[in-house]
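So the structure is just underneath, and the comments pick up after that.
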Amino acid sequence: MFIDLLRSRRSIRKFEDRPVEADKVDLLVEAVLRSPSSRGFNPWEFVVVNDPAIIKRLSTAKPHGASFLANAPLAIVVCADPGKSDVWVEDASIAAIILHLAATDLGLGSCWIQLRRRNYDDSKTAGEYAADVLGLPVESVVSAIMAIGHPAQQPAPHPKASLQRDKVSVNRYGNQE
């Protein structure tokens with residue numbers, strides 16, 4: 001059941017030193033291309049990266065929170081063209097979460113690396129740096145990179161008691177009944 005997938009889903013930052021099988025990469029690509037998009041505009045595009053040298057370069061896209069990518073055997077970069085839709089951020093985010101859940105469903109680990117609105121250095125954004133590494137057209141914006149691989153760690157699911165039920169209101173904000 002889908003709820004079981006959500007319960008088991010965790011961000012994985014340590015991967016086994018082995019490639020992701022081609023059939024699983026194909027399924028990940030199919031899943032992400034089936035992502036919902038506002039009015040079917042599909043402003044997103046994806047770059048599948050399995051070249052370790054390119055993955056290592058992408059792992060330096062921002063000073064904090066991307067270094068673990070260097071040890072992932074696969075990265076899928078989520079890009080979008082803002083000129084194609086005013087809700088490109090939402091569409092790209094939906095695609096990224098579909099990718100994350102599809103990886104979990106295939107027994108893979110993954111972790112979302114946010115690049116949008118992050119800096120590479122004082123003169124370049126993380127997304128601009130990644131776009132340069134990948135040779136993206138100027139209209140493409142990098143939203144995120146998903147690190148993917150066979151998990152070398154298996155954190156326990158978050159316990160149901162840890163869910164922040166106080167963040168749910170009924171009928172009116174603040175009504176917890």
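Letters A, B, ... go to the chains of the structure tokens in the order shown; residues in each chain start at 1; ligands are counted from 1 in the same order.
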Based on DSSP run over this structure's backbone, return all residues of range 43-127 of chain A in helix (DSSP H, G or I), as a PDB file with N, CA and C atoms, in the first residue's frame.
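Output below, filename part-v3.pdb:
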```
ATOM      1  N   PRO A  52      30.762   9.066 -12.882  1.00  0.00           N
ATOM      2  CA  PRO A  52      31.262   9.447 -11.556  1.00  0.00           C
ATOM      3  C   PRO A  52      31.966  10.803 -11.523  1.00  0.00           C
ATOM      4  N   ALA A  53      32.655  11.162 -12.588  1.00  0.00           N
ATOM      5  CA  ALA A  53      33.348  12.457 -12.610  1.00  0.00           C
ATOM      6  C   ALA A  53      32.350  13.618 -12.605  1.00  0.00           C
ATOM      7  N   ILE A  54      31.271  13.480 -13.348  1.00  0.00           N
ATOM      8  CA  ILE A  54      30.246  14.538 -13.370  1.00  0.00           C
ATOM      9  C   ILE A  54      29.515  14.579 -12.038  1.00  0.00           C
ATOM     10  N   ILE A  55      29.195  13.421 -11.485  1.00  0.00           N
ATOM     11  CA  ILE A  55      28.530  13.375 -10.172  1.00  0.00           C
ATOM     12  C   ILE A  55      29.412  14.053  -9.123  1.00  0.00           C
ATOM     13  N   LYS A  56      30.710  13.807  -9.170  1.00  0.00           N
ATOM     14  CA  LYS A  56      31.632  14.435  -8.209  1.00  0.00           C
ATOM     15  C   LYS A  56      31.606  15.955  -8.358  1.00  0.00           C
ATOM     16  N   ARG A  57      31.601  16.451  -9.586  1.00  0.00           N
ATOM     17  CA  ARG A  57      31.529  17.909  -9.810  1.00  0.00           C
ATOM     18  C   ARG A  57      30.214  18.469  -9.282  1.00  0.00           C
ATOM     19  N   LEU A  58      29.108  17.753  -9.524  1.00  0.00           N
ATOM     20  CA  LEU A  58      27.806  18.219  -9.033  1.00  0.00           C
ATOM     21  C   LEU A  58      27.753  18.233  -7.506  1.00  0.00           C
ATOM     22  N   SER A  67      27.699  17.201  -0.509  1.00  0.00           N
ATOM     23  CA  SER A  67      28.947  16.434  -0.638  1.00  0.00           C
ATOM     24  C   SER A  67      28.715  14.922  -0.719  1.00  0.00           C
ATOM     25  N   PHE A  68      27.674  14.410  -0.060  1.00  0.00           N
ATOM     26  CA  PHE A  68      27.402  12.966  -0.098  1.00  0.00           C
ATOM     27  C   PHE A  68      27.089  12.470  -1.499  1.00  0.00           C
ATOM     28  N   LEU A  69      26.679  13.380  -2.384  1.00  0.00           N
ATOM     29  CA  LEU A  69      26.373  13.001  -3.770  1.00  0.00           C
ATOM     30  C   LEU A  69      27.589  12.371  -4.445  1.00  0.00           C
ATOM     31  N   ALA A  70      28.782  12.765  -4.052  1.00  0.00           N
ATOM     32  CA  ALA A  70      30.007  12.258  -4.682  1.00  0.00           C
ATOM     33  C   ALA A  70      30.086  10.736  -4.638  1.00  0.00           C
ATOM     34  N   ASN A  71      29.439  10.116  -3.665  1.00  0.00           N
ATOM     35  CA  ASN A  71      29.491   8.658  -3.525  1.00  0.00           C
ATOM     36  C   ASN A  71      28.244   7.950  -4.031  1.00  0.00           C
ATOM     37  N   PRO A  82      11.155  28.084 -16.615  1.00  0.00           N
ATOM     38  CA  PRO A  82      10.137  28.969 -16.032  1.00  0.00           C
ATOM     39  C   PRO A  82       9.246  29.650 -17.069  1.00  0.00           C
ATOM     40  N   GLY A  83       9.717  29.770 -18.298  1.00  0.00           N
ATOM     41  CA  GLY A  83       8.917  30.380 -19.351  1.00  0.00           C
ATOM     42  C   GLY A  83       7.762  29.518 -19.816  1.00  0.00           C
ATOM     43  N   LYS A  84       7.766  28.249 -19.454  1.00  0.00           N
ATOM     44  CA  LYS A  84       6.703  27.330 -19.886  1.00  0.00           C
ATOM     45  C   LYS A  84       5.531  27.256 -18.925  1.00  0.00           C
ATOM     46  N   TRP A  88       6.181  26.350 -12.344  1.00  0.00           N
ATOM     47  CA  TRP A  88       7.270  25.416 -12.628  1.00  0.00           C
ATOM     48  C   TRP A  88       7.909  24.883 -11.353  1.00  0.00           C
ATOM     49  N   VAL A  89       7.972  25.716 -10.309  1.00  0.00           N
ATOM     50  CA  VAL A  89       8.580  25.274  -9.047  1.00  0.00           C
ATOM     51  C   VAL A  89       7.776  24.109  -8.475  1.00  0.00           C
ATOM     52  N   GLU A  90       6.466  24.254  -8.472  1.00  0.00           N
ATOM     53  CA  GLU A  90       5.606  23.197  -7.956  1.00  0.00           C
ATOM     54  C   GLU A  90       5.715  21.940  -8.811  1.00  0.00           C
ATOM     55  N   ASP A  91       5.702  22.116 -10.136  1.00  0.00           N
ATOM     56  CA  ASP A  91       5.793  20.961 -11.028  1.00  0.00           C
ATOM     57  C   ASP A  91       7.118  20.224 -10.849  1.00  0.00           C
ATOM     58  N   ALA A  92       8.211  20.968 -10.734  1.00  0.00           N
ATOM     59  CA  ALA A  92       9.519  20.336 -10.529  1.00  0.00           C
ATOM     60  C   ALA A  92       9.580  19.638  -9.168  1.00  0.00           C
ATOM     61  N   SER A  93       8.967  20.246  -8.164  1.00  0.00           N
ATOM     62  CA  SER A  93       8.959  19.640  -6.823  1.00  0.00           C
ATOM     63  C   SER A  93       8.143  18.355  -6.802  1.00  0.00           C
ATOM     64  N   ILE A  94       7.010  18.356  -7.483  1.00  0.00           N
ATOM     65  CA  ILE A  94       6.198  17.144  -7.573  1.00  0.00           C
ATOM     66  C   ILE A  94       7.006  16.043  -8.261  1.00  0.00           C
ATOM     67  N   ALA A  95       7.684  16.386  -9.340  1.00  0.00           N
ATOM     68  CA  ALA A  95       8.493  15.397 -10.053  1.00  0.00           C
ATOM     69  C   ALA A  95       9.590  14.842  -9.147  1.00  0.00           C
ATOM     70  N   ALA A  96      10.212  15.708  -8.357  1.00  0.00           N
ATOM     71  CA  ALA A  96      11.288  15.249  -7.465  1.00  0.00           C
ATOM     72  C   ALA A  96      10.756  14.285  -6.412  1.00  0.00           C
ATOM     73  N   ILE A  97       9.592  14.567  -5.846  1.00  0.00           N
ATOM     74  CA  ILE A  97       9.062  13.660  -4.818  1.00  0.00           C
ATOM     75  C   ILE A  97       8.594  12.347  -5.450  1.00  0.00           C
ATOM     76  N   ILE A  98       8.066  12.403  -6.665  1.00  0.00           N
ATOM     77  CA  ILE A  98       7.712  11.166  -7.376  1.00  0.00           C
ATOM     78  C   ILE A  98       8.971  10.322  -7.568  1.00  0.00           C
ATOM     79  N   LEU A  99      10.057  10.957  -7.947  1.00  0.00           N
ATOM     80  CA  LEU A  99      11.330  10.262  -8.143  1.00  0.00           C
ATOM     81  C   LEU A  99      11.818   9.638  -6.835  1.00  0.00           C
ATOM     82  N   HIS A 100      11.732  10.386  -5.751  1.00  0.00           N
ATOM     83  CA  HIS A 100      12.154   9.906  -4.430  1.00  0.00           C
ATOM     84  C   HIS A 100      11.333   8.685  -4.006  1.00  0.00           C
ATOM     85  N   LEU A 101      10.031   8.745  -4.179  1.00  0.00           N
ATOM     86  CA  LEU A 101       9.171   7.629  -3.791  1.00  0.00           C
ATOM     87  C   LEU A 101       9.349   6.425  -4.716  1.00  0.00           C
ATOM     88  N   ALA A 102       9.553   6.682  -6.009  1.00  0.00           N
ATOM     89  CA  ALA A 102       9.786   5.579  -6.945  1.00  0.00           C
ATOM     90  C   ALA A 102      11.084   4.849  -6.586  1.00  0.00           C
ATOM     91  N   ALA A 103      12.107   5.592  -6.214  1.00  0.00           N
ATOM     92  CA  ALA A 103      13.371   4.968  -5.808  1.00  0.00           C
ATOM     93  C   ALA A 103      13.142   4.064  -4.597  1.00  0.00           C
ATOM     94  N   THR A 104      12.407   4.569  -3.610  1.00  0.00           N
ATOM     95  CA  THR A 104      12.109   3.765  -2.418  1.00  0.00           C
ATOM     96  C   THR A 104      11.356   2.494  -2.814  1.00  0.00           C
ATOM     97  N   ASP A 105      10.375   2.628  -3.690  1.00  0.00           N
ATOM     98  CA  ASP A 105       9.574   1.491  -4.125  1.00  0.00           C
ATOM     99  C   ASP A 105      10.425   0.432  -4.830  1.00  0.00           C
ATOM    100  N   ALA A 126      24.028  27.870  -6.996  1.00  0.00           N
ATOM    101  CA  ALA A 126      24.252  26.429  -7.121  1.00  0.00           C
ATOM    102  C   ALA A 126      23.643  25.907  -8.422  1.00  0.00           C
ATOM    103  N   GLY A 127      22.473  26.412  -8.755  1.00  0.00           N
ATOM    104  CA  GLY A 127      21.811  25.994  -9.988  1.00  0.00           C
ATOM    105  C   GLY A 127      22.585  26.408 -11.226  1.00  0.00           C
TER     106      GLY A 127
END
```
How close does each residue of range 37-135 of chain A get to range 3-27 of chain A, giving the shortest atom pair and distance in Å to one decimal for every residue with an atom at most 6 Å away, counting only C-alpha atoms, sorted by chain and residue number, as a Markdown table?
```
| residue | atom | partner | partner_atom | distance |
| --- | --- | --- | --- | --- |
| A:Phe68 | CA | A:Arg13 | CA | 5.9 |
| A:Ala72 | CA | A:Phe15 | CA | 5.9 |
| A:Pro73 | CA | A:Pro19 | CA | 5.3 |
| A:Gly109 | CA | A:Ile12 | CA | 5.2 |
| A:Ser110 | CA | A:Ile12 | CA | 5.1 |
| A:Cys111 | CA | A:Ser11 | CA | 4.7 |
```
Need to verify the contact set: Gln176 in chain A, 12 Å, only C-alpha atoms, exclusion of same-chain residues closer than 2 positions in sequence. Can you return it as a PyMOL selection string?
chain A and resi 164-174
I want to know what sits within 9 Å of Ser140 in chain A, based on only C-alpha atoms, with residues of the same chain fewer than 6 positions away left out; could you give that as a PyMOL selection string?
chain A and resi 44-45+79-82+131
Write the residues of the selection above to a file with N, CA and C atoms, as a compact mmCIF listing (two decimals), in the first residue's frame.
```
# COMPACT_ATOMS: atom_id res chain seq x y z
N TRP A 44 9.24 20.64 -16.87
CA TRP A 44 10.44 20.01 -16.34
C TRP A 44 11.20 19.25 -17.42
N GLU A 45 12.48 19.09 -17.14
CA GLU A 45 13.36 18.20 -17.90
C GLU A 45 14.28 17.55 -16.89
N CYS A 79 15.25 19.80 -13.65
CA CYS A 79 15.34 21.15 -14.22
C CYS A 79 13.96 21.57 -14.71
N ALA A 80 13.81 22.86 -14.95
CA ALA A 80 12.56 23.33 -15.53
C ALA A 80 12.81 24.62 -16.29
N ASP A 81 11.89 24.91 -17.19
CA ASP A 81 11.91 26.16 -17.95
C ASP A 81 10.80 27.05 -17.40
N PRO A 82 11.16 28.08 -16.61
CA PRO A 82 10.14 28.97 -16.03
C PRO A 82 9.25 29.65 -17.07
N ALA A 131 24.07 23.90 -13.92
CA ALA A 131 23.70 24.09 -15.33
C ALA A 131 24.93 24.15 -16.21
```
CA of Leu108 in chain A and CA of Tyr129 in chain A, how far apart in Å?
27.1 Å
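Once His64 in chain A and its same-chain neighbours fewer than 2 positions away are set aside, Ser59, Thr60, Ala61, Lys62, Ala66, Ser67, Phe68, Ile113, Arg118, Asn119 and Tyr120 of chain A remain within 10 Å of it when counting only C-alpha atoms.
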Export C-alpha atoms of the chosen residues as a short mmCIF file (atom, residue, chain, number, x, y, z; two decimals), in the first residue's frame?
```cif
data_model
loop_
_atom_site.label_atom_id
_atom_site.label_comp_id
_atom_site.auth_asym_id
_atom_site.auth_seq_id
_atom_site.Cartn_x
_atom_site.Cartn_y
_atom_site.Cartn_z
CA SER A 59 28.52 17.29 -5.40
CA THR A 60 30.29 20.64 -5.02
CA ALA A 61 27.33 22.69 -6.27
CA LYS A 62 26.74 24.17 -2.83
CA ALA A 66 25.58 18.09 -1.32
CA SER A 67 28.95 16.43 -0.64
CA PHE A 68 27.40 12.97 -0.10
CA ILE A 113 19.53 18.02 -2.83
CA ARG A 118 21.17 28.21 -2.92
CA ASN A 119 24.63 29.60 -3.71
CA TYR A 120 27.68 27.92 -5.13
#
```
Best match for closeness to Leu115 in chain A among A:Ala156, A:Leu134, A:Ala144, A:Val77, counting only C-alpha atoms
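For Leu115 in chain A, the nearest of the candidates is A:Ala144.
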